[in-house]
Structures are given as structure tokens and as C-alpha cells.
$ cat input_36.pdb   # PDB, C-alpha atoms and all ligand atoms
ATOM      1  CA  THR A 171      56.595  89.405  -7.938
ATOM      2  CA  GLY A 172      58.011  86.835 -10.314
ATOM      3  CA  LYS A 173      59.258  89.480 -12.715
ATOM      4  CA  PRO A 174      63.009  89.358 -13.312
ATOM      5  CA  ILE A 175      65.152  92.496 -13.119
ATOM      6  CA  PRO A 176      65.720  93.554 -16.753
ATOM      7  CA  GLU A 177      69.133  92.881 -18.247
ATOM      8  CA  GLU A 178      69.767  96.596 -18.920
ATOM      9  CA  VAL A 179      69.164  97.353 -15.253
ATOM     10  CA  VAL A 180      71.540  94.561 -14.199
ATOM     11  CA  GLN A 181      74.106  96.071 -16.586
ATOM     12  CA  ILE A 182      73.736  99.591 -15.141
ATOM     13  CA  ALA A 183      74.045  98.232 -11.598
ATOM     14  CA  SER A 184      77.181  96.312 -12.501
ATOM     15  CA  ASP A 185      78.639  99.387 -14.257
ATOM     16  CA  ILE A 186      78.106 101.426 -11.081
ATOM     17  CA  LYS A 187      79.674  98.691  -8.937
ATOM     18  CA  ASN A 188      82.702  98.324 -11.214
ATOM     19  CA  MET A 189      82.958 102.098 -11.584
ATOM     20  CA  ARG A 190      82.465 102.172 -15.334
ATOM     21  CA  ILE A 191      79.800 104.650 -14.282
ATOM     22  CA  ARG A 192      81.250 106.740 -11.463
ATOM     23  CA  GLY A 193      81.038 110.145  -9.797
ATOM     24  CA  ALA A 194      78.061 110.920  -7.605
ATOM     25  CA  GLY A 195      76.062 112.875 -10.185
ATOM     26  CA  ARG A 196      76.467 110.294 -12.927
ATOM     27  CA  ILE A 197      75.623 107.477 -10.531
ATOM     28  CA  ALA A 198      72.410 109.275  -9.559
ATOM     29  CA  ARG A 199      71.321 109.794 -13.167
ATOM     30  CA  ALA A 200      72.153 106.180 -13.982
ATOM     31  CA  GLY A 201      69.980 105.091 -11.048
ATOM     32  CA  ALA A 202      67.046 107.159 -12.336
ATOM     33  CA  LEU A 203      67.583 105.775 -15.837
ATOM     34  CA  ALA A 204      67.596 102.207 -14.499
ATOM     35  CA  LEU A 205      64.183 102.792 -12.915
ATOM     36  CA  ARG A 206      62.796 104.287 -16.099
ATOM     37  CA  ILE A 207      63.977 101.232 -18.028
ATOM     38  CA  ALA A 208      62.558  98.903 -15.378
ATOM     39  CA  ALA A 209      59.150 100.599 -15.630
ATOM     40  CA  GLU A 210      59.180 100.465 -19.420
ATOM     41  CA  LYS A 211      60.074  96.769 -19.460
ATOM     42  CA  TYR A 212      57.410  95.632 -16.988
ATOM     43  CA  THR A 213      54.741  93.554 -18.686
ATOM     44  CA  GLY A 214      52.118  92.665 -16.006
ATOM     45  CA  GLN A 215      48.811  94.355 -15.183
ATOM     46  CA  ASN A 216      48.713  94.045 -11.401
ATOM     47  CA  LEU A 217      49.390  97.351  -9.647
ATOM     48  CA  ASP A 218      50.526  95.852  -6.339
ATOM     49  CA  ASP A 219      52.869  93.547  -8.175
ATOM     50  CA  PHE A 220      54.300  96.498 -10.124
ATOM     51  CA  LYS A 221      54.894  98.441  -6.916
ATOM     52  CA  GLU A 222      56.633  95.475  -5.371
ATOM     53  CA  TYR A 223      58.765  95.047  -8.505
ATOM     54  CA  ILE A 224      59.754  98.736  -8.467
ATOM     55  CA  ARG A 225      60.632  98.454  -4.791
ATOM     56  CA  ILE A 226      62.916  95.489  -5.538
ATOM     57  CA  VAL A 227      64.604  97.260  -8.457
ATOM     58  CA  ALA A 228      65.051 100.417  -6.338
ATOM     59  CA  ASP A 229      66.676  98.416  -3.593
ATOM     60  CA  TYR A 230      68.898  96.561  -6.057
ATOM     61  CA  VAL A 231      70.122  99.815  -7.646
ATOM     62  CA  VAL A 232      70.742 101.557  -4.317
ATOM     63  CA  LYS A 233      72.854  98.671  -3.005
ATOM     64  CA  THR A 234      75.542  99.017  -5.713
ATOM     65  CA  ARG A 235      77.719 101.588  -3.891
ATOM     66  CA  PRO A 236      77.148 102.814  -0.356
ATOM     67  CA  THR A 237      78.580 106.320   0.037
ATOM     68  CA  ALA A 238      77.147 108.783  -2.483
ATOM     69  CA  VAL A 239      73.696 109.761  -1.181
ATOM     70  CA  SER A 240      72.851 111.128  -4.619
ATOM     71  CA  LEU A 241      71.953 107.547  -5.574
ATOM     72  CA  PRO A 242      69.313 106.809  -2.885
ATOM     73  CA  ASN A 243      68.082 110.399  -3.209
ATOM     74  CA  ALA A 244      67.576 109.993  -6.958
ATOM     75  CA  VAL A 245      65.914 106.616  -6.536
ATOM     76  CA  SER A 246      63.686 107.911  -3.776
ATOM     77  CA  TYR A 247      62.707 110.919  -5.904
ATOM     78  CA  VAL A 248      61.619 108.563  -8.665
ATOM     79  CA  VAL A 249      59.812 105.872  -6.666
ATOM     80  CA  SER A 250      58.551 107.441  -3.417
ATOM     81  CA  PRO A 251      55.628 109.353  -4.941
ATOM     82  CA  LEU A 252      54.294 106.102  -6.397
ATOM     83  CA  LEU A 253      54.832 104.034  -3.289
ATOM     84  CA  ARG A 254      53.091 106.702  -1.219
ATOM     85  CA  ALA A 255      50.220 107.529  -3.587
ATOM     86  CA  ASP A 256      46.864 105.856  -3.238
ATOM     87  CA  SER A 257      45.230 107.637  -6.165
ATOM     88  CA  ILE A 258      47.025 105.611  -8.849
ATOM     89  CA  ARG A 259      44.548 103.265 -10.535
ATOM     90  CA  ASP A 260      46.496 101.029 -12.867
ATOM     91  CA  VAL A 261      49.923  99.873 -13.990
ATOM     92  CA  GLU A 262      49.955 102.198 -16.996
ATOM     93  CA  GLU A 263      49.504 105.232 -14.785
ATOM     94  CA  ALA A 264      52.119 103.964 -12.334
ATOM     95  CA  LYS A 265      54.615 103.338 -15.130
ATOM     96  CA  ARG A 266      54.043 106.843 -16.472
ATOM     97  CA  MET A 267      54.721 108.256 -13.037
ATOM     98  CA  ILE A 268      58.064 106.440 -12.718
ATOM     99  CA  ILE A 269      59.135 107.368 -16.241
ATOM    100  CA  GLU A 270      58.197 111.028 -15.763
ATOM    101  CA  ASN A 271      59.924 111.296 -12.402
ATOM    102  CA  ALA A 272      63.066 109.669 -13.792
ATOM    103  CA  GLU A 273      63.091 112.149 -16.689
ATOM    104  CA  LYS A 274      62.492 115.024 -14.298
ATOM    105  CA  PHE A 275      65.379 113.966 -12.098
ATOM    106  CA  MET A 276      67.785 113.602 -15.008
ATOM    107  CA  ASP A 277      66.793 117.006 -16.414
ATOM    108  CA  TYR A 278      67.083 118.649 -13.020
ATOM    109  CA  SER A 279      70.487 117.113 -12.501
ATOM    110  CA  GLU A 280      71.834 118.345 -15.852
ATOM    111  CA  ARG A 281      70.488 121.838 -15.224
ATOM    112  CA  ALA A 282      71.850 121.895 -11.693
ATOM    113  CA  VAL A 283      75.357 121.193 -12.983
ATOM    114  CA  GLU A 284      75.039 124.072 -15.473
ATOM    115  CA  ARG A 285      73.760 126.423 -12.790
ATOM    116  CA  ILE A 286      76.606 125.500 -10.418
ATOM    117  CA  ALA A 287      79.056 126.121 -13.267
ATOM    118  CA  GLU A 288      77.559 129.609 -13.647
ATOM    119  CA  ILE A 289      77.644 130.408  -9.949
ATOM    120  CA  GLY A 290      81.009 128.780  -9.288
ATOM    121  CA  SER A 291      82.756 130.351 -12.252
ATOM    122  CA  ARG A 292      82.005 133.795 -10.800
ATOM    123  CA  LEU A 293      84.233 132.931  -7.865
ATOM    124  CA  LEU A 294      87.200 132.442 -10.159
ATOM    125  CA  ARG A 295      89.319 135.407 -11.174
ATOM    126  CA  ASP A 296      91.441 135.856 -14.246
ATOM    127  CA  GLY A 297      94.811 134.246 -13.566
ATOM    128  CA  ASP A 298      93.632 131.966 -10.750
ATOM    129  CA  THR A 299      95.172 128.575 -10.113
ATOM    130  CA  VAL A 300      92.638 125.998  -8.959
ATOM    131  CA  LEU A 301      93.532 122.738  -7.293
ATOM    132  CA  THR A 302      91.120 119.835  -7.515
ATOM    133  CA  HIS A 303      91.062 116.211  -6.407
ATOM    134  CA  CYS A 304      89.550 113.120  -8.033
ATOM    135  CA  ASN A 305      87.184 113.639 -10.955
ATOM    136  CA  SER A 306      84.109 115.711 -10.395
ATOM    137  CA  GLN A 307      81.890 116.568 -13.324
ATOM    138  CA  VAL A 308      80.657 119.584 -11.399
ATOM    139  CA  VAL A 309      84.141 120.944 -10.711
ATOM    140  CA  VAL A 310      85.214 120.437 -14.322
ATOM    141  CA  SER A 311      82.075 122.334 -15.409
ATOM    142  CA  VAL A 312      82.910 125.243 -13.095
ATOM    143  CA  ILE A 313      86.419 125.527 -14.541
ATOM    144  CA  LYS A 314      85.183 125.179 -18.123
ATOM    145  CA  ALA A 315      82.621 127.946 -17.565
ATOM    146  CA  ALA A 316      85.280 130.301 -16.190
ATOM    147  CA  VAL A 317      87.547 129.618 -19.162
ATOM    148  CA  LYS A 318      84.606 130.187 -21.523
ATOM    149  CA  GLN A 319      84.138 133.616 -19.930
ATOM    150  CA  GLY A 320      87.656 134.396 -21.154
ATOM    151  CA  LYS A 321      89.399 133.992 -17.811
ATOM    152  CA  SER A 322      92.759 132.347 -17.810
ATOM    153  CA  VAL A 323      92.660 129.565 -15.237
ATOM    154  CA  GLU A 324      95.414 127.139 -14.356
ATOM    155  CA  VAL A 325      94.496 123.803 -12.870
ATOM    156  CA  ILE A 326      96.465 121.488 -10.638
ATOM    157  CA  ALA A 327      94.898 118.023 -10.514
ATOM    158  CA  THR A 328      95.919 115.253  -8.155
ATOM    159  CA  GLU A 329      96.390 111.750  -9.550
ATOM    160  CA  THR A 330      93.905 110.376  -7.019
ATOM    161  CA  ARG A 331      95.249 106.982  -6.149
ATOM    162  CA  PRO A 332      94.598 104.140  -6.296
ATOM    163  CA  LEU A 333      92.291 104.422  -9.322
ATOM    164  CA  PHE A 334      93.721 107.603 -10.902
ATOM    165  CA  GLN A 335      90.510 109.542 -11.479
ATOM    166  CA  GLY A 336      92.840 112.554 -11.848
ATOM    167  CA  HIS A 337      93.704 111.212 -15.289
ATOM    168  CA  ILE A 338      90.049 111.592 -16.281
ATOM    169  CA  THR A 339      90.041 115.161 -14.943
ATOM    170  CA  ILE A 340      93.096 116.270 -16.918
ATOM    171  CA  LYS A 341      91.735 114.676 -20.084
ATOM    172  CA  MET A 342      88.395 116.466 -19.689
ATOM    173  CA  LEU A 343      90.116 119.797 -19.098
ATOM    174  CA  LEU A 344      92.575 119.429 -21.966
ATOM    175  CA  ASP A 345      89.776 118.321 -24.306
ATOM    176  CA  ALA A 346      87.853 121.446 -23.281
ATOM    177  CA  GLY A 347      90.783 123.647 -24.252
ATOM    178  CA  VAL A 348      92.097 124.467 -20.784
ATOM    179  CA  ASP A 349      95.720 125.165 -21.609
ATOM    180  CA  ALA A 350      97.486 125.112 -18.242
ATOM    181  CA  VAL A 351      96.938 121.780 -16.533
ATOM    182  CA  THR A 352      99.379 120.176 -14.103
ATOM    183  CA  LEU A 353      99.070 116.641 -12.770
ATOM    184  CA  VAL A 354     100.657 115.942  -9.371
ATOM    185  CA  PRO A 355     100.882 112.888  -7.131
ATOM    186  CA  ASP A 356      98.456 113.142  -4.210
ATOM    187  CA  SER A 357     101.341 113.493  -1.808
ATOM    188  CA  ALA A 358     102.593 116.638  -3.596
ATOM    189  CA  VAL A 359      99.664 118.823  -2.566
ATOM    190  CA  ARG A 360     101.561 120.548   0.235
ATOM    191  CA  SER A 361     104.485 121.146  -2.150
ATOM    192  CA  VAL A 362     102.328 122.977  -4.686
ATOM    193  CA  ILE A 363      99.826 124.706  -2.416
ATOM    194  CA  LYS A 364     101.814 127.969  -2.507
ATOM    195  CA  ASP A 365     100.811 128.309  -6.175
ATOM    196  CA  VAL A 366      97.122 127.662  -5.507
ATOM    197  CA  ASP A 367      94.459 130.392  -5.211
ATOM    198  CA  LYS A 368      91.428 128.181  -4.636
ATOM    199  CA  VAL A 369      90.684 124.551  -4.000
ATOM    200  CA  ILE A 370      87.448 123.222  -5.495
ATOM    201  CA  VAL A 371      86.302 119.639  -5.010
ATOM    202  CA  GLY A 372      83.052 117.776  -5.572
ATOM    203  CA  ALA A 373      81.019 115.821  -3.047
ATOM    204  CA  ASP A 374      79.476 112.413  -2.690
ATOM    205  CA  THR A 375      77.486 113.355   0.374
ATOM    206  CA  VAL A 376      77.016 116.463   2.507
ATOM    207  CA  THR A 377      75.739 115.786   6.010
ATOM    208  CA  ALA A 378      73.192 117.791   7.995
ATOM    209  CA  ASN A 379      76.016 119.421   9.971
ATOM    210  CA  GLY A 380      77.908 120.455   6.818
ATOM    211  CA  ALA A 381      80.606 117.796   6.736
ATOM    212  CA  VAL A 382      81.602 116.839   3.225
ATOM    213  CA  VAL A 383      82.201 113.266   2.173
ATOM    214  CA  ASN A 384      84.337 113.054  -0.952
ATOM    215  CA  LYS A 385      87.172 111.005  -2.443
ATOM    216  CA  VAL A 386      89.707 109.883   0.158
ATOM    217  CA  GLY A 387      92.426 112.495   0.560
ATOM    218  CA  THR A 388      90.014 115.422   0.314
ATOM    219  CA  SER A 389      90.203 116.172   4.039
ATOM    220  CA  LEU A 390      94.012 116.273   3.947
ATOM    221  CA  ILE A 391      93.852 118.803   1.126
ATOM    222  CA  ALA A 392      91.345 120.842   3.139
ATOM    223  CA  LEU A 393      93.747 120.898   6.073
ATOM    224  CA  ILE A 394      96.635 121.995   3.874
ATOM    225  CA  ALA A 395      94.475 124.743   2.341
ATOM    226  CA  ARG A 396      93.502 125.931   5.815
ATOM    227  CA  GLU A 397      97.130 126.015   6.892
ATOM    228  CA  ARG A 398      97.788 128.637   4.221
ATOM    229  CA  GLY A 399      94.416 130.368   4.441
ATOM    230  CA  ILE A 400      93.372 129.298   0.965
ATOM    231  CA  ASP A 401      89.652 129.058   0.182
ATOM    232  CA  PHE A 402      88.329 125.514   0.030
ATOM    233  CA  TYR A 403      85.094 125.210  -1.963
ATOM    234  CA  VAL A 404      82.829 122.244  -2.495
ATOM    235  CA  ALA A 405      80.744 122.223  -5.676
ATOM    236  CA  THR A 406      77.680 120.022  -5.416
ATOM    237  CA  GLU A 407      74.054 119.601  -6.395
ATOM    238  CA  THR A 408      71.604 119.701  -3.496
ATOM    239  CA  TYR A 409      70.595 116.064  -4.015
ATOM    240  CA  LYS A 410      73.979 115.171  -2.534
ATOM    241  CA  PHE A 411      72.788 116.519   0.824
ATOM    242  CA  SER A 412      71.782 113.592   2.972
ATOM    243  CA  PRO A 413      68.358 113.639   4.664
ATOM    244  CA  TYR A 414      69.378 110.434   6.428
ATOM    245  CA  THR A 415      71.975 112.303   8.484
ATOM    246  CA  VAL A 416      69.390 114.664   9.960
ATOM    247  CA  TRP A 417      68.478 112.090  12.582
ATOM    248  CA  GLY A 418      72.062 111.097  13.161
ATOM    249  CA  GLU A 419      72.533 108.283  10.678
ATOM    250  CA  LEU A 420      76.223 107.963   9.790
ATOM    251  CA  VAL A 421      77.528 107.958   6.232
ATOM    252  CA  VAL A 422      78.977 104.597   5.234
ATOM    253  CA  ILE A 423      82.476 105.000   3.844
ATOM    254  CA  GLU A 424      82.991 102.497   1.062
ATOM    255  CA  GLU A 425      85.975 100.203   1.446
ATOM    256  CA  ARG A 426      87.187  98.802  -1.815
ATOM    257  CA  THR A 427      89.253  95.743  -2.569
ATOM    258  CA  PRO A 428      92.933  95.642  -1.486
ATOM    259  CA  THR A 429      93.829  94.570  -5.016
ATOM    260  CA  GLU A 430      93.284  98.166  -6.127
ATOM    261  CA  VAL A 431      96.364  98.966  -4.018
ATOM    262  CA  LEU A 432      98.601  95.876  -4.311
ATOM    263  CA  PRO A 433      98.671  92.937  -6.747
ATOM    264  CA  GLU A 434      96.754  89.911  -5.563
ATOM    265  CA  ASP A 435      99.786  87.584  -5.439
ATOM    266  CA  VAL A 436     101.687  89.994  -3.187
ATOM    267  CA  ILE A 437      98.746  90.132  -0.812
ATOM    268  CA  ALA A 438      98.370  86.348  -0.913
ATOM    269  CA  LYS A 439     102.065  85.829  -0.088
ATOM    270  CA  ASN A 440     101.928  88.053   2.999
ATOM    271  CA  PRO A 441      99.351  86.802   5.476
ATOM    272  CA  TYR A 442     100.451  89.403   8.068
ATOM    273  CA  LEU A 443     100.011  92.308   5.700
ATOM    274  CA  LYS A 444      96.775  94.257   5.742
ATOM    275  CA  VAL A 445      95.738  96.730   3.068
ATOM    276  CA  PHE A 446      93.124  99.304   4.031
ATOM    277  CA  ASN A 447      91.508 100.968   1.030
ATOM    278  CA  PRO A 448      88.765 103.428   2.006
ATOM    279  CA  SER A 449      87.324 105.223  -0.990
ATOM    280  CA  PHE A 450      86.132 108.395   0.747
ATOM    281  CA  ASP A 451      86.828 110.581   3.751
ATOM    282  CA  VAL A 452      85.060 113.250   5.753
ATOM    283  CA  THR A 453      86.025 116.919   5.674
ATOM    284  CA  PRO A 454      84.614 118.725   8.704
ATOM    285  CA  PRO A 455      82.558 121.883   8.084
ATOM    286  CA  TYR A 456      85.071 124.218   9.719
ATOM    287  CA  LEU A 457      87.499 123.524   6.851
ATOM    288  CA  VAL A 458      84.944 124.331   4.148
ATOM    289  CA  THR A 459      84.746 127.970   3.011
ATOM    290  CA  ALA A 460      81.439 127.538   1.186
ATOM    291  CA  ILE A 461      79.374 125.009  -0.715
ATOM    292  CA  ILE A 462      78.501 125.982  -4.270
ATOM    293  CA  THR A 463      75.056 124.590  -5.112
ATOM    294  CA  GLU A 464      72.474 125.206  -7.822
ATOM    295  CA  ILE A 465      70.451 127.226  -5.297
ATOM    296  CA  GLY A 466      73.399 129.445  -4.458
ATOM    297  CA  LEU A 467      76.514 129.650  -2.352
ATOM    298  CA  ILE A 468      75.877 128.350   1.123
ATOM    299  CA  PRO A 469      77.973 128.106   4.269
ATOM    300  CA  PRO A 470      78.386 124.463   5.345
ATOM    301  CA  GLN A 471      76.642 125.331   8.615
ATOM    302  CA  ALA A 472      73.451 126.011   6.627
ATOM    303  CA  SER A 473      73.239 122.426   5.348
ATOM    304  CA  LEU A 474      70.421 121.545   7.720
ATOM    305  CA  LEU A 475      68.420 124.488   6.377
ATOM    306  CA  VAL A 476      68.928 123.218   2.841
ATOM    307  CA  LEU A 477      67.675 119.782   3.908
ATOM    308  CA  GLU A 478      64.640 121.283   5.630
ATOM    309  CA  GLU A 479      63.882 123.321   2.545
ATOM    310  CA  LEU A 480      64.144 120.225   0.325
ATOM    311  CA  TYR A 481      62.399 117.621   2.430
ATOM    312  CA  GLY A 482      60.561 119.471   5.180
ATOM    313  CA  ARG A 483      60.846 118.391   8.784
ATOM    314  CA  GLY A 484      58.390 115.500   8.678
ATOM    315  CA  ALA A 485      59.185 114.361   5.176
ATOM    316  CA  ILE A 486      62.752 113.567   6.097
ATOM    317  CA  HIS A 487      61.471 110.608   8.005
ATOM    318  CA  ASP A 488      59.307 109.476   5.084
ATOM    319  CA  THR A 489      62.294 109.484   2.802
ATOM    320  CA  ILE A 490      64.077 107.123   5.123
ATOM    321  CA  GLN A 491      61.121 104.754   5.207
ATOM    322  CA  THR A 492      60.561 104.430   1.504
ATOM    323  CA  VAL A 493      63.810 103.155   0.043
TER     324      VAL A 493
HETATM  325  C1  LIG B   1      84.101 110.339  -7.156
HETATM  326  C2  LIG B   1      84.218 111.538  -6.266
HETATM  327  C3  LIG B   1      83.731 112.854  -6.816
HETATM  328  C4  LIG B   1      82.267 113.071  -6.433
HETATM  329  C5  LIG B   1      81.637 114.226  -7.168
HETATM  330  O1  LIG B   1      84.445 109.133  -6.533
HETATM  331  O2  LIG B   1      84.616 111.450  -5.117
HETATM  332  O3  LIG B   1      84.476 113.904  -6.305
HETATM  333  O4  LIG B   1      81.519 111.902  -6.722
HETATM  334  O5  LIG B   1      81.603 113.969  -8.547
HETATM  335  P1  LIG B   1      84.415 107.762  -7.375
HETATM  336  P2  LIG B   1      80.524 114.625  -9.517
HETATM  337  O6  LIG B   1      85.359 107.917  -8.515
HETATM  338  O7  LIG B   1      84.838 106.714  -6.396
HETATM  339  O8  LIG B   1      82.984 107.555  -7.844
HETATM  340  O9  LIG B   1      80.707 116.106  -9.393
HETATM  341  O10 LIG B   1      80.883 114.120 -10.893
HETATM  342  O11 LIG B   1      79.181 114.169  -9.084
END
$ encode --input "input_36.pdb" --output "C-alpha cells" --more "lines below"
Ligand code: RUB
Amino acid sequence: TGKPIPEEVVQIASDIKNMRIRGAGRIARAGALALRIAAEKYTGQNLDDFKEYIRIVADYVVKTRPTAVSLPNAVSYVVSPLLRADSIRDVEEAKRMIIENAEKFMDYSERAVERIAEIGSRLLRDGDTVLTHCNSQVVVSVIKAAVKQGKSVEVIATETRPLFQGHITIKMLLDAGVDAVTLVPDSAVRSVIKDVDKVIVGADTVTANGAVVNKVGTSLIALIARERGIDFYVATETYKFSPYTVWGELVVIEERTPTEVLPEDVIAKNPYLKVFNPSFDVTPPYLVTAIITEIGLIPPQASLLVLEELYGRGAIHDTIQTV
């Protein structure tokens, strides 16, 4: 196909890469939106060419960040039915299919967050102190819902170095009227854990065996919570469960530039200094009390069942083939 990738799609991809759009849910919706825009902007009449174009755009969008499976899952949800169907007759019909699937995904995603807020907020009691890490739209929604129910909830948020997503979290909470918010350096978690009733974090990916991939530092917090017997919850939509892991594929942990950690000139001056800057880590299932999803509260060990329910045994393989 000679069709260029539309400028708006290039912009969305670059926003995901540079983290102007960030957080696994938002990334997924942006991916679906990019495909809708791509379909709308296509001008040709050749169905095979359109399919090829959509495949290229899908691939381009998925390659922006490697860890959150919500992105390939969203993209696959939007494009796979078209790439698999042989009943589609023309480009107009194919375009409609992409646009409708993109809309459906975005709607589902918004509703899933609301549903998780409902379910998750029931776990919080009046007077609870919740600790969270990074910035998760889902976790913020859970806390906001509990506060809306009239519960008084205190929140401890970690800074989340090196990019300080904790600053986004405290702003969201304060803007929503949460009136007891404490920001702590990441390394202070063990110092404040005695005041914490529950830990709730988001997820970028949940594997078939119930391991949770989330912002680096999450697994340390899980360990600290376990040490004191504090419940550690993960709040996530089911499209963050990874069908790819069912057959043993490993989750790629994004490594970001050292300049997020140290200024460039300092790095340049010290050829023997290495900076390692992984963006995510893996929390093993035995440290996770439960996963709060839009289909209910599930033990991490039931992740494979969730994947089977969503994709079916055979379909899991199809999903891998299409994107
Ligand atoms: C964000 C992060 C979040 C999850 C869940 O990492 O780890 O906890 O993505 O977020 P980054 P949400 O800032 O590197 O994208 O609940 O909003 O999907």
C-alpha cells in the first residue's frame, strides 16, 4: 500500500512513546482511536490494500511501548475481526467495521473503569488509609468512588521516580476533593506501611499465572505489604490480561533512557558508569491478595480462567497471529 500513515496517527504514536499519553488504559484507548482515525482517513477503494494499510498502522501503533498488553489487546480487538473475515465486500464496509470496533473498545474501557471503581470501593472501609504507586486511572477511580460514598479515605502516594507519576496521582486526588493525601519518596514505603490498611496498584499486564507487571517498585511494595500482612490489591481491566503469556511468551519490560535518571553530561563524562532504568517490574501472584476487575474480584491464580473466558483455548493462538 502506498498510503501514508495519517499525521494524527503519527502524533498519537509519538505521544504514547514520549508518555504524553501514558497509563495502560489510556494507551489502549489511544491505540483504538488511532485506528479509527486511520480508517476514516483512508481514501482508496481496494479492499486488500485497505487491509494491508490497517495491518501496517496496527503494527506501527503497537510498537510504541512494549510492556502494557492493553495496547496490543485493544488493537487486536479492533483489527482482528476484519483481518479474519472473508464476508466483507468493500472498503466502506471494512472501514465501518474498524470504526465500530474502535468505538466499542473505547466505550467498554470507560465502563470497565467505572465498574472496577464500584467493586473496588466496596473493599474500602471508612477511615482506611490506602497506599498506591505510580499513577493509575483505575486506582484513582476506586478511591474517588469510595470518597463519593461518604467514606473518609486517606491516601499515601509514592513519588514514583524517575518520572514522578505520583505527582499526577496527588493532583487527581486533590482535584477530586480527597482531603488527606500524603506524598512520600518511593524509599519511604517501609517507613509508612504501619499506617496503611490496604495497598492498591494498577497493572500494565497480568500474566496467565497471575503475575502482575506494573510500574517498577511495585514488587518491593508488595513484599513490604506481605511482611506486615497488609492486603495488596491490583485494580485492572481484563484487557490487561495477556493472552500471549498463555503459551509461555515472556512480558518485555521496557527499559527507558538513562537520561531520565541522570543528566546527559554526567553520563557522558563517566564512561564506566552504567544507568539501568527499567520502567516496570513483576509482582509474583503469591504476593497479590486479589485482582479487582470489571467482571469481579478474582484471585491471581484464576488469571488463566479469565483468559480462557475472554479468548477461548484456540482463539488465544489466533490473537497472537493477527497483530
Ligand atoms: C503506568 C503504570 C500504571 C498502569 C495502570 O506506567 O504503571 O500503574 O499503567 O494505569 P507509565 P491505568 O507511567 O510508564 O505508563 O490504571 O491508568 O491503566
$ residues_near_ligand --input "input_36.pdb" --ligand "ligand LIG 1 (chain B)" --cutoff "7 Å" --atoms "only C-alpha atoms and all ligand atoms" --output "ChimeraX atom specification"
/A:189,192-196,238,303-309,335,371-374,384-385,406,449-450
$ resolve_selection --input "input_36.pdb" --expression "the PyMOL selection byres (((chain A and resi 244) around 10) and not hetatm)" --output "PyMOL selection string"
chain A and resi 195+197-203+205+228+232+239-243+245-249+271-272+275-276+279+409-410
$ atom_distance --input "input_36.pdb" --atom1 "atom CA of A:Lys187" --atom2 "atom CA of A:Val422"
15.4 Å
$ atom_distance --input "input_36.pdb" --atom1 "atom CA of A:Glu419" --atom2 "atom CA of A:Val383"
13.8 Å
$ resolve_selection --input "input_36.pdb" --expression "the PyMOL selection byres (((chain A and resi 299) around 8) and not hetatm)" --output "list in words"
Gly297, Asp298, Val300, Leu301, Val323, Glu324, Val325, Ile326, Asp365, Val366, Asp367 and Lys368 of chain A
$ atom_distance --input "input_36.pdb" --atom1 "atom CA of A:Leu333" --atom2 "atom CA of A:Pro413"
29.2 Å
$ closest_residue --input "input_36.pdb" --among "A:Lys364, A:Arg426, A:Arg331, A:Lys314" --to "A:Asp345" --atoms "all atoms listed in the file"
A:Lys314
$ residues_near_point --input "input_36.pdb" --point "(84.7, 126.3, -15.5)" --cutoff "10 Å" --atoms "only C-alpha atoms" --output "list in words"
Glu284, Ile286, Ala287, Glu288, Ile289, Gly290, Ser291, Arg292, Leu294, Val308, Val309, Val310, Ser311, Val312, Ile313, Lys314, Ala315, Ala316, Val317, Lys318, Gln319, Lys321, Val323, Leu343, Ala346 and Val348 of chain A
$ resolve_selection --input "input_36.pdb" --expression "the PyMOL selection byres (((chain A and resi 381) around 8) and not hetatm)" --output "list of chain:residue names"
A:Val376, A:Thr377, A:Ala378, A:Asn379, A:Gly380, A:Val382, A:Val383, A:Val452, A:Thr453, A:Pro454, A:Pro455, A:Pro470
$ residues_near_point --input "input_36.pdb" --point "(93.0, 119.2, 1.5)" --cutoff "6 Å" --atoms "only C-alpha atoms" --output "ChimeraX atom specification"
/A:388-395
$ residues_around --input "input_36.pdb" --residues "stretch 171-176 of chain A" --least-positions-apart "3" --cutoff "12 Å" --atoms "all atoms listed in the file" --output "PyMOL selection string"
chain A and resi 179-183+204-231
$ axis_aligned_box --input "input_36.pdb" --around "stretch 465-471 of chain A" --padding-each-side "4 Å" --output "lines of an AutoDock Vina configuration file"
center_x = 74.4
center_y = 127.1
center_z = 1.7
size_x = 15.9
size_y = 13.2
size_z = 21.9
